[in-house]
Structure formats: C-alpha cells, structure tokens
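Peer 1: Next up, input.txt (compact mmCIF, C-alpha atoms).
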# COMPACT_ATOMS: atom_id res chain seq x y z
CA MET A 1 146.96 -66.04 95.29
CA THR A 2 145.95 -66.14 91.62
CA ALA A 3 142.73 -64.54 90.46
CA THR A 4 141.45 -67.80 88.98
CA ALA A 5 141.81 -69.64 92.30
CA VAL A 6 139.72 -67.18 94.33
CA ARG A 7 136.28 -68.05 95.66
CA LEU A 8 134.91 -64.62 96.50
CA THR A 9 132.15 -65.90 98.78
CA GLN A 10 134.76 -67.22 101.21
CA PHE A 11 135.90 -63.65 101.97
CA ALA A 12 132.54 -62.39 103.23
CA HIS A 13 130.46 -63.27 106.28
CA GLY A 14 127.24 -63.11 104.26
CA GLY A 15 126.33 -62.81 100.63
CA GLY A 16 124.09 -60.71 98.39
CA CYS A 17 120.90 -59.30 99.84
CA ALA A 18 121.00 -61.92 102.61
CA CYS A 19 123.59 -59.71 104.33
CA LYS A 20 121.09 -56.87 104.79
CA ILE A 21 120.36 -55.59 108.27
CA PRO A 22 117.24 -57.52 109.42
CA PRO A 23 114.01 -55.70 108.50
CA GLY A 24 112.74 -55.33 112.07
CA GLU A 25 116.02 -53.82 113.24
CA LEU A 26 116.18 -51.51 110.24
CA GLU A 27 112.65 -50.20 110.74
CA ALA A 28 113.44 -49.43 114.38
CA VAL A 29 116.58 -47.52 113.39
CA VAL A 30 114.84 -45.30 110.80
CA ALA A 31 111.57 -44.84 112.72
CA GLY A 32 112.49 -41.34 113.85
CA LEU A 33 113.64 -40.24 110.40
CA THR A 34 110.31 -40.48 108.56
CA HIS A 35 107.86 -37.63 107.93
CA THR A 36 110.66 -35.07 108.05
CA GLY A 37 112.26 -32.79 105.51
CA PRO A 38 114.14 -29.54 104.98
CA ARG A 39 112.52 -26.29 106.03
CA ASP A 40 112.84 -24.87 102.52
CA PRO A 41 113.08 -27.82 100.06
CA SER A 42 114.57 -27.30 96.63
CA ALA A 43 112.11 -29.78 95.12
CA GLU A 44 109.11 -31.90 96.11
CA LEU A 45 109.85 -35.37 97.44
CA VAL A 46 107.12 -37.58 95.98
CA VAL A 47 108.33 -40.87 97.50
CA GLY A 48 110.62 -40.95 100.50
CA LEU A 49 111.34 -43.08 103.54
CA ASP A 50 107.85 -43.31 105.01
CA ASP A 51 106.72 -46.68 103.59
CA GLY A 52 110.12 -48.18 102.79
CA ASP A 53 109.60 -48.06 99.03
CA ASP A 54 112.29 -49.17 96.59
CA ALA A 55 113.64 -45.73 95.64
CA ALA A 56 113.23 -42.04 96.34
CA VAL A 57 111.38 -39.95 93.76
CA VAL A 58 111.65 -36.17 93.34
CA ARG A 59 109.24 -34.19 91.16
CA LEU A 60 110.67 -32.55 88.04
CA ALA A 61 109.02 -30.15 85.64
CA GLY A 62 106.75 -31.55 82.94
CA GLY A 63 105.29 -34.43 84.93
CA GLN A 64 108.50 -36.39 85.26
CA GLY A 65 110.18 -37.70 88.40
CA LEU A 66 113.82 -38.26 89.27
CA VAL A 67 114.32 -41.73 90.76
CA LEU A 68 117.29 -42.24 93.10
CA THR A 69 118.46 -45.46 94.72
CA THR A 70 121.53 -47.33 95.83
CA ASP A 71 122.31 -50.97 96.53
CA PHE A 72 125.51 -52.83 97.34
CA PHE A 73 126.50 -56.08 99.02
CA THR A 74 129.18 -58.70 99.57
CA PRO A 75 129.72 -61.48 96.97
CA VAL A 76 126.82 -63.81 96.32
CA VAL A 77 128.80 -65.88 93.80
CA ASP A 78 132.47 -66.81 93.50
CA ASP A 79 133.10 -65.43 90.00
CA ALA A 80 134.06 -61.73 90.02
CA TYR A 81 132.49 -60.92 86.65
CA ALA A 82 129.19 -62.60 87.60
CA PHE A 83 129.26 -60.77 90.95
CA GLY A 84 129.51 -57.45 89.12
CA ARG A 85 126.62 -58.31 86.80
CA ILE A 86 124.37 -59.43 89.63
CA ALA A 87 125.11 -56.43 91.85
CA ALA A 88 124.43 -54.00 89.00
CA ALA A 89 121.19 -55.74 87.96
CA ASN A 90 120.07 -55.68 91.59
CA ALA A 91 120.75 -51.94 91.88
CA MET A 92 118.92 -51.18 88.62
CA SER A 93 115.94 -53.21 89.86
CA ASP A 94 114.86 -50.52 92.31
CA VAL A 95 114.34 -48.08 89.45
CA TYR A 96 112.40 -50.66 87.44
CA ALA A 97 110.28 -51.43 90.51
CA MET A 98 109.10 -47.81 90.45
CA GLY A 99 108.20 -48.03 86.75
CA GLY A 100 111.23 -45.95 85.79
CA THR A 101 114.20 -46.10 83.43
CA PRO A 102 117.82 -46.03 84.69
CA VAL A 103 119.79 -43.13 83.21
CA VAL A 104 123.14 -42.92 84.99
CA ALA A 105 124.90 -44.93 87.70
CA VAL A 106 128.08 -44.64 89.74
CA ASN A 107 130.02 -47.57 91.18
CA LEU A 108 130.37 -48.26 94.91
CA LEU A 109 133.33 -50.54 95.63
CA GLY A 110 135.01 -51.84 98.76
CA TRP A 111 137.99 -54.16 98.35
CA PRO A 112 140.48 -55.87 100.69
CA ARG A 113 143.43 -54.92 98.49
CA ASP A 114 146.02 -56.67 100.67
CA VAL A 115 144.03 -59.93 100.60
CA LEU A 116 142.47 -60.30 97.15
CA PRO A 117 144.10 -59.72 93.74
CA VAL A 118 143.35 -56.28 92.37
CA GLU A 119 142.86 -57.86 88.93
CA LEU A 120 139.50 -59.09 90.18
CA ILE A 121 138.33 -55.51 90.65
CA ALA A 122 138.43 -54.99 86.90
CA GLU A 123 136.28 -58.10 86.41
CA VAL A 124 133.71 -56.91 88.94
CA LEU A 125 133.51 -53.48 87.32
CA ARG A 126 133.36 -55.02 83.83
CA GLY A 127 130.36 -57.10 84.83
CA GLY A 128 128.61 -54.07 86.29
CA LEU A 129 129.36 -51.94 83.25
CA GLU A 130 128.00 -54.54 80.84
CA VAL A 131 124.69 -54.82 82.70
CA ALA A 132 124.37 -51.04 82.88
CA HIS A 133 124.91 -50.80 79.14
CA GLU A 134 122.28 -53.50 78.60
CA ALA A 135 119.94 -51.21 80.53
CA GLY A 136 120.89 -48.22 78.38
CA CYS A 137 122.38 -46.62 81.47
CA HIS A 138 125.62 -44.60 81.64
CA VAL A 139 128.21 -45.38 84.29
CA GLY A 140 129.87 -42.12 85.29
CA GLY A 141 132.59 -43.19 87.71
CA GLY A 142 132.11 -43.96 91.38
CA HIS A 143 133.96 -44.36 94.66
CA SER A 144 136.18 -47.06 96.14
CA ILE A 145 137.66 -47.83 99.55
CA ASP A 146 140.00 -50.41 101.06
CA SER A 147 137.66 -52.55 103.17
CA PRO A 148 137.80 -55.83 105.15
CA GLU A 149 135.35 -57.58 102.79
CA PRO A 150 134.75 -57.28 99.03
CA THR A 151 131.65 -55.15 98.45
CA TYR A 152 130.15 -53.85 95.23
CA GLY A 153 127.04 -52.09 94.02
CA MET A 154 125.79 -48.94 92.37
CA ALA A 155 123.96 -45.71 93.05
CA VAL A 156 121.47 -45.34 90.22
CA THR A 157 119.49 -42.36 88.98
CA GLY A 158 116.53 -42.81 86.67
CA LEU A 159 113.49 -41.07 85.24
CA VAL A 160 109.80 -41.92 85.55
CA ASP A 161 106.50 -40.47 84.35
CA LEU A 162 104.80 -39.54 87.62
CA ASP A 163 101.35 -40.48 86.35
CA LYS A 164 102.71 -44.01 85.72
CA LEU A 165 104.68 -44.33 88.96
CA ILE A 166 104.61 -47.76 90.65
CA ARG A 167 104.55 -47.63 94.46
CA ASN A 168 104.39 -50.14 97.28
CA ASP A 169 101.47 -48.33 98.95
CA ALA A 170 99.08 -48.45 95.97
CA ALA A 171 97.77 -52.03 96.12
CA VAL A 172 93.99 -52.26 95.77
CA ALA A 173 91.67 -55.04 96.92
CA GLY A 174 90.38 -57.13 94.04
CA THR A 175 93.59 -57.09 91.97
CA ALA A 176 95.80 -60.04 91.11
CA LEU A 177 99.26 -60.56 92.56
CA SER A 178 101.98 -61.45 90.02
CA LEU A 179 105.64 -62.42 90.38
CA THR A 180 108.05 -62.03 87.46
CA LYS A 181 111.00 -64.21 88.59
CA PRO A 182 111.07 -67.55 90.43
CA LEU A 183 112.22 -67.72 94.04
CA GLY A 184 115.01 -69.81 95.52
CA VAL A 185 118.26 -67.98 94.83
CA GLY A 186 118.91 -67.51 98.54
CA VAL A 187 119.07 -71.19 99.47
CA LEU A 188 120.89 -72.06 96.23
CA ASN A 189 123.50 -69.38 96.88
CA ASN A 190 123.97 -70.54 100.46
CA ARG A 191 124.50 -74.08 99.20
CA MET A 192 127.09 -72.82 96.73
CA LYS A 193 128.90 -70.79 99.39
CA ASN A 194 129.23 -73.88 101.57
CA THR A 195 129.82 -76.60 98.95
CA GLY A 196 131.22 -74.78 95.92
CA GLU A 197 128.35 -76.14 93.79
CA PRO A 198 126.91 -73.25 91.72
CA SER A 199 123.42 -73.03 90.28
CA PRO A 200 123.67 -71.73 86.69
CA GLU A 201 119.92 -71.11 86.74
CA ALA A 202 120.17 -68.95 89.86
CA ILE A 203 123.14 -67.00 88.46
CA ALA A 204 121.26 -66.34 85.20
CA SER A 205 118.15 -65.22 87.09
CA MET A 206 120.07 -62.81 89.33
CA GLY A 207 121.95 -61.28 86.39
CA ALA A 208 118.79 -60.65 84.36
CA LEU A 209 117.38 -57.12 84.34
CA ASN A 210 113.77 -56.42 85.32
CA ALA A 211 113.47 -54.00 82.39
CA GLU A 212 110.95 -55.95 80.30
CA ALA A 213 108.80 -56.75 83.32
CA SER A 214 108.75 -53.07 84.31
CA VAL A 215 107.75 -51.91 80.82
CA ALA A 216 105.02 -54.57 80.71
CA ALA A 217 103.71 -53.51 84.11
CA VAL A 218 103.53 -49.85 83.12
CA ALA A 219 101.83 -50.76 79.83
CA ALA A 220 99.27 -52.83 81.75
CA GLY A 221 98.41 -49.83 83.91
CA ILE A 222 99.83 -51.37 87.09
CA ARG A 223 100.53 -48.82 89.79
CA ALA A 224 101.32 -51.08 92.76
CA GLY A 225 104.50 -53.08 93.08
CA THR A 226 107.93 -53.68 94.55
CA ASP A 227 110.86 -55.99 93.88
CA VAL A 228 111.70 -59.11 95.86
CA THR A 229 115.16 -58.92 97.41
CA GLY A 230 116.66 -59.43 100.86
CA PHE A 231 113.44 -59.49 102.91
CA GLY A 232 112.02 -62.36 100.84
CA LEU A 233 108.63 -62.61 99.16
CA LEU A 234 106.79 -62.59 102.48
CA GLY A 235 108.73 -59.61 103.84
CA HIS A 236 108.26 -57.41 100.80
CA LEU A 237 104.64 -58.47 100.45
CA TYR A 238 103.99 -57.66 104.10
CA LYS A 239 105.44 -54.17 103.62
CA MET A 240 103.30 -53.69 100.51
CA ALA A 241 100.07 -54.89 102.15
CA ARG A 242 100.72 -52.86 105.31
CA ALA A 243 101.43 -49.66 103.38
CA SER A 244 98.35 -50.13 101.20
CA GLY A 245 95.90 -51.09 103.94
CA VAL A 246 94.97 -54.42 102.33
CA THR A 247 95.62 -58.14 102.85
CA ALA A 248 97.64 -60.20 100.38
CA VAL A 249 96.49 -63.78 99.81
CA VAL A 250 99.19 -66.07 98.37
CA ASP A 251 98.48 -69.37 96.62
CA ALA A 252 101.57 -71.32 97.68
CA ALA A 253 101.15 -73.88 94.90
CA ALA A 254 101.32 -71.13 92.26
CA VAL A 255 104.64 -69.63 93.42
CA PRO A 256 107.47 -70.54 90.98
CA TYR A 257 110.85 -71.81 92.22
CA LEU A 258 114.23 -72.39 90.64
CA ALA A 259 115.30 -75.98 90.09
CA GLY A 260 116.89 -77.41 93.21
CA ALA A 261 115.50 -74.82 95.62
CA ARG A 262 113.24 -77.23 97.49
CA GLN A 263 116.02 -79.77 97.85
CA ALA A 264 118.38 -77.07 99.12
CA VAL A 265 115.92 -76.23 101.89
CA ALA A 266 115.46 -79.91 102.73
CA ASP A 267 119.25 -80.24 102.95
CA GLY A 268 119.42 -77.36 105.42
CA TRP A 269 120.99 -74.63 103.26
CA VAL A 270 118.86 -71.86 104.79
CA SER A 271 120.59 -68.58 105.60
CA GLY A 272 120.26 -66.71 108.87
CA GLY A 273 118.78 -63.81 106.91
CA THR A 274 115.94 -66.00 105.67
CA ARG A 275 115.16 -67.22 109.19
CA ARG A 276 115.14 -63.62 110.45
CA ASN A 277 112.77 -62.67 107.62
CA LEU A 278 110.36 -65.40 108.69
CA ASP A 279 110.57 -64.41 112.34
CA TRP A 280 109.73 -60.82 111.38
CA VAL A 281 106.66 -61.59 109.27
CA ARG A 282 105.28 -64.52 111.27
CA PRO A 283 103.13 -62.39 113.66
CA HIS A 284 101.50 -60.72 110.65
CA THR A 285 101.13 -63.77 108.40
CA ASP A 286 98.77 -66.74 108.43
CA LEU A 287 101.06 -69.70 107.71
CA SER A 288 98.80 -72.36 109.17
CA HIS A 289 98.24 -74.08 105.80
CA VAL A 290 101.89 -74.58 104.80
CA SER A 291 104.86 -76.53 106.13
CA ASP A 292 107.89 -74.98 107.79
CA ASP A 293 109.99 -75.65 104.67
CA GLU A 294 107.39 -73.92 102.48
CA ALA A 295 107.36 -70.93 104.81
CA LEU A 296 111.17 -70.72 104.66
CA LEU A 297 111.08 -70.76 100.85
CA LEU A 298 108.53 -67.95 100.82
CA ALA A 299 110.77 -65.95 103.19
CA ASP A 300 113.99 -66.87 101.33
CA ALA A 301 116.31 -63.85 101.09
CA GLN A 302 116.50 -63.12 97.37
CA THR A 303 119.20 -61.24 95.49
CA SER A 304 118.12 -59.43 92.32
CA GLY A 305 114.70 -61.05 92.43
CA GLY A 306 111.70 -60.30 90.27
CA LEU A 307 108.94 -57.71 90.48
CA LEU A 308 105.95 -58.32 92.74
CA LEU A 309 103.03 -56.55 91.09
CA GLY A 310 99.44 -55.66 91.86
CA GLY A 311 98.01 -56.78 88.52
CA GLU A 312 98.61 -59.18 85.66
CA VAL A 313 101.44 -58.96 83.14
CA PRO A 314 102.02 -61.28 80.16
CA GLY A 315 104.22 -64.26 80.96
CA ALA A 316 104.27 -63.76 84.75
CA PRO A 317 102.45 -66.25 86.97
CA VAL A 318 99.61 -64.99 89.14
CA ILE A 319 100.41 -66.15 92.68
CA GLY A 320 97.46 -64.69 94.56
CA GLU A 321 95.41 -61.57 95.02
CA PHE A 322 94.87 -58.53 97.20
CA VAL A 323 91.67 -58.49 99.25
CA ALA A 324 90.10 -56.19 101.81
CA GLN A 325 92.12 -55.88 104.99
CA GLN A 326 91.74 -58.83 107.36
CA GLU A 327 93.31 -59.93 110.65
CA PHE A 328 96.61 -60.82 108.94
CA ALA A 329 98.43 -58.65 106.41
CA VAL A 330 99.44 -61.78 104.48
CA VAL A 331 97.59 -65.09 104.20
CA VAL A 332 99.24 -68.14 102.63
CA ARG A 333 96.84 -70.82 101.54
Translate the structure described by the file into structure tokens.
Peer 2:
Amino acid sequence: MTATAVRLTQFAHGGGCACKIPPGELEAVVAGLTHTGPRDPSAELVVGLDDGDDAAVVRLAGGQGLVLTTDFFTPVVDDAYAFGRIAAANAMSDVYAMGGTPVVAVNLLGWPRDVLPVELIAEVLRGGLEVAHEAGCHVGGGHSIDSPEPTYGMAVTGLVDLDKLIRNDAAVAGTALSLTKPLGVGVLNNRMKNTGEPSPEAIASMGALNAEASVAAVAAGIRAGTDVTGFGLLGHLYKMARASGVTAVVDAAAVPYLAGARQAVADGWVSGGTRRNLDWVRPHTDLSHVSDDEALLLADAQTSGGLLLGGEVPGAPVIGEFVAQQEFAVVVR
C-alpha cells in the first residue's frame, strides 16, 4: 500500500472527538475520583476533576498557574499531515480555553505499523509540529506504541495568570454567550468518512488555533468559558451552566454553521457520538422550540471547535446569554 493511496479514516471505527467515551458514561466512571487528593500535596491544585474543566491547573509562585492537559484521537480526515495539524490544534485548545499559553508539548502516537505505511507517521508528526510552532510551543519528544488503529494527539503544558484564569464554573447571570468558531465539523467529517468528499472549510476550521480568541477573551475580562469539542455545543454548555449554577439561553438562529452542515444532517450523516450527546443533554435542555435536525446540529460532536465564552469578544457572534437558574440548565429558543 502506498502512502498516497491511504484513506486514514477507513482504519478507525470513529474519528476525532466523536470517538470519545459518551459523557454520561464518563461521568459515572470518574464520579468516585473527584474531591480527592494526596495527603501531603507538593503544590495546590487550583482546577481539577470536580467540574470536568478543560485542563488541570496547579498554582505556581508569583501568581502564575501551570496548565496541564492531554488530547488524542483516531483520524478525522484522510490526509496524514492534516490529521496531525488538527490533533495538535485540538490539544492546544484546552490550554487556550483556560486563558493560558501553551509552552511545551509531547506527542502521543499509536500506529498499526504492519497495516499502514510508516512514512505516514512522519507526515502526522510534521503537521503536529507545525501547529505547535505556530502556537510558540516547543515539542519535546513523546511516546509511541504499535496499536490496532492510528491514534495521535499531544500532552500540553502551559502557563496562565491565575487572576485571569478562565473556568467552566464561573458563568454569571446577565452575561452574553459567545462562540468563536462555527459548528458542523462533526456531520461534515462523517460525510467525508463515508463518501470520500472532504470539506475544505471544516479542515481549515479544525486546524486553526484558538490563540487569538483566547487572548481576546482575557483582554475583555472574561473569566467563564470552555471549548466546544466531542460533547457538542449543548453538552459543553450544559456542563458549564451546571457547574456555574445558572441557565444558558441559546438563540438557535444566531448560531453559526459551516457551509454544507445543514445539508449533511438532512442527508443523514449524523454520528453515533452526536446522537449520544443529544440523549445525554435532552433531560436538562428545553428543545421544544427547535426541530430534531436543529437539535442534532447543536449537539454535533465537534473536533477542535471554538471557544464558548461568558462575555463578548470582537468578531465572535453572540449566540445567547446566561440567566438566573431555571428548570432547565439550557434553553434553546
């Protein structure tokens, strides 16, 4: 098999953040691991597992925090170089979602070396390296294994000013809700996996860093936010509203989508991960004013999506607001 003939998505059961363990199952697994810690900690854990935030944060001297995160997945696109770029941008996003700056990353690679050409590994790593360098982040090595499916991502360490930290439990009633990237990559990627028809717009969106959006959010004084990845807009918004003790009201007509996303849903290219996302949030979300297709788009499992912020930032559409806690954690109107 030649490297140019390979469609990477055909060697994985899922793709991108849509291959995450479903949110309800994951929360059940980690339920007993929250609110715990070492008897004699070496440093203070500022953000941990309790509210399912994007990254862990440890307090350093001088008001700074160390941000630690990891993210990896199976191919979401067929091109190895683009896969590397997207996986790296997605891993960096968790640091940006906390208002931090990536400093150093290490690669995490699984590869079926007896099935796929090893030349493709270099392309994956090249894509990841280029995105890391765009972020001003060192790549200091990593770890690889022989695995049944191709898998790639990064463990990323960053720095953040603790008085400017963005958290998913800090949303306040009366603030706007902004989204910095359009939705729809999940259904477009699923269409590509099944038909071979790529979406250049989706690939460009996934490979773009959230660096500028993060800097703008910090400059605007925003302290509440998360990024939109595998649990979809509704899933991540539900977690944010629940952790903050507020209700999020979404104006469905204001939510931006990539070209072709609505048609992809109409054509049935909805992943199992997206349907599981919707099943998870449905009991906590008022969806009575939108169609089933609209609800699926709002729950679409994103890969390397944008930042979802409690406040306004230049250039990002306002898609709703946070209000005082109501019967539902999320209301779509």
Peer 1: Identify the residues around (122.7, -55.3, 85.3) within a radius of 6 Å, measuring from all atoms listed in the file in the coordinates stated by the file, and give them as a ChimeraX atom specification.
Peer 2: /A:85,88-89,131-132,209
Peer 1: Would you mind telling me which residue in A:Pro41, A:Gly174, A:Gly110, A:Gly63 lies nearest to A:Ala324 when using only C-alpha atoms?
Peer 2: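 Of the candidates, the smallest distance to A:Ala324 is held by A:Gly174.
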Peer 1: Please determine, counting all atoms listed in the file, which residue among A:Ala248, A:Leu258, A:Ala135, A:Leu297 has the shortest atom-to-atom distance to A:Ile319.
Peer 2: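 Of all the options, A:Ala248 lies closest to A:Ile319.
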Peer 1: Which one is closest to A:Pro198: A:His133, A:Val281, A:Val77, A:Pro38? Count only C-alpha atoms.
Peer 2: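 The shortest atom-to-atom distance to A:Pro198 comes from A:Val77.
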Peer 1: Kindly provide, as AutoDock Vina command-line options, the centre and edge lengths (Å, one decimal) of an axis-aligned box around all atoms of stretch 276-283 of chain A given in the file, with 6 Å on each side.
Peer 2:
--center_x 109.1 --center_y -63.1 --center_z 110.6 --size_x 24.0 --size_y 16.6 --size_z 18.0
Peer 1: Determine, for each residue of stretch 45-100 of chain A having at least one atom at most 6 Å from an atom of stretch 149-167 of chain A, the closest pair of atoms and their separation in Å to one decimal, counting all atoms listed in the file; order by chain and ascending number, as a tab-separated table.
Peer 2:
residue	atom	partner	partner_atom	distance
A:Gly63	CA	A:Leu162	CA	5.8
A:Gln64	CA	A:Asp161	CA	4.6
A:Gly65	CA	A:Val160	CA	5.1
A:Leu66	CA	A:Leu159	CA	4.9
A:Val67	CA	A:Gly158	CA	4.8
A:Leu68	CA	A:Thr157	CA	4.7
A:Thr69	CA	A:Val156	CA	5.4
A:Thr70	CA	A:Ala155	CA	4.0
A:Asp71	CA	A:Gly153	CA	5.5
A:Phe72	CA	A:Gly153	CA	3.7
A:Phe73	CA	A:Thr151	CA	5.3
A:Thr74	CA	A:Thr151	CA	4.5
A:Ala87	CA	A:Gly153	CA	5.2
A:Ala88	CA	A:Gly153	CA	6.0
A:Ala91	CA	A:Met154	CA	5.9
A:Met98	CA	A:Ile166	CA	4.5
A:Gly99	CA	A:Ile166	CA	5.3
A:Gly100	CA	A:Val160	CA	4.3
Peer 1: Tell me, in Å to one decimal, how far atom CA of A:Ala82 is from atom CA of A:Asn210.
Peer 2: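 Pair atom CA of A:Ala82 / atom CA of A:Asn210 returns 16.8 Å.
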Peer 1: Using all atoms listed in the file, which residue out of A:Asp50, A:Glu321, A:Glu327, A:Asp300 lies closest to A:His284?
Peer 2: A:Glu327
Peer 1: What does the distance from atom CA of A:Ala56 to atom CA of A:Asn168 come to in Å, to one decimal?
Peer 2: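 About the pair atom CA of A:Ala56 and atom CA of A:Asn168: they are 12.0 Å apart.
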Peer 1: Please compute the atom CA of A:Val331-atom CA of A:Ala55 distance, one decimal, in Å.
Peer 2: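 Between atom CA of A:Val331 and atom CA of A:Ala55 the gap is 26.6 Å.
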Peer 1: Counting all atoms listed in the file, figure out which residue out of A:Gly245, A:Ser147, A:Gly24, A:Gly310 gets nearest to A:Gly221.
Peer 2: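 With all atoms listed in the file as the atom set, the closest residue is A:Gly310.
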Peer 1: Name the closest residue to A:Tyr238 among the candidates A:Val265, A:Ile86, A:Ala220, A:Val250; distances are taken between atoms, counting all atoms listed in the file.
Peer 2: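 Of A:Val265, A:Ile86, A:Ala220, A:Val250, the one nearest A:Tyr238, counting all atoms listed in the file, is A:Val250.
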Peer 1: Write out as a ChimeraX atom specification each polymer residue whose atoms come within 9 Å of A:Arg276, counting all atoms listed in the file; drop sequence neighbours fewer than 6 positions from it.
Peer 2: /A:22-24,231,299
Peer 1: Using all atoms listed in the file, find all polymer residues with an atom at most 10 Å away from the point (134.5, -59.3, 93.5); report them as a compact mmCIF listing (two decimals) with C-alpha atoms, in the frame of the given file.
Peer 2:
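Generated output (point-v2.txt):
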# COMPACT_ATOMS: atom_id res chain seq x y z
CA VAL A 6 139.72 -67.18 94.33
CA ARG A 7 136.28 -68.05 95.66
CA LEU A 8 134.91 -64.62 96.50
CA THR A 9 132.15 -65.90 98.78
CA PHE A 11 135.90 -63.65 101.97
CA THR A 74 129.18 -58.70 99.57
CA PRO A 75 129.72 -61.48 96.97
CA VAL A 76 126.82 -63.81 96.32
CA VAL A 77 128.80 -65.88 93.80
CA ASP A 78 132.47 -66.81 93.50
CA ASP A 79 133.10 -65.43 90.00
CA ALA A 80 134.06 -61.73 90.02
CA TYR A 81 132.49 -60.92 86.65
CA ALA A 82 129.19 -62.60 87.60
CA PHE A 83 129.26 -60.77 90.95
CA GLY A 84 129.51 -57.45 89.12
CA ALA A 87 125.11 -56.43 91.85
CA LEU A 109 133.33 -50.54 95.63
CA GLY A 110 135.01 -51.84 98.76
CA TRP A 111 137.99 -54.16 98.35
CA PRO A 112 140.48 -55.87 100.69
CA LEU A 116 142.47 -60.30 97.15
CA PRO A 117 144.10 -59.72 93.74
CA VAL A 118 143.35 -56.28 92.37
CA GLU A 119 142.86 -57.86 88.93
CA LEU A 120 139.50 -59.09 90.18
CA ILE A 121 138.33 -55.51 90.65
CA ALA A 122 138.43 -54.99 86.90
CA GLU A 123 136.28 -58.10 86.41
CA VAL A 124 133.71 -56.91 88.94
CA LEU A 125 133.51 -53.48 87.32
CA GLY A 127 130.36 -57.10 84.83
CA GLU A 149 135.35 -57.58 102.79
CA PRO A 150 134.75 -57.28 99.03
CA THR A 151 131.65 -55.15 98.45
CA TYR A 152 130.15 -53.85 95.23
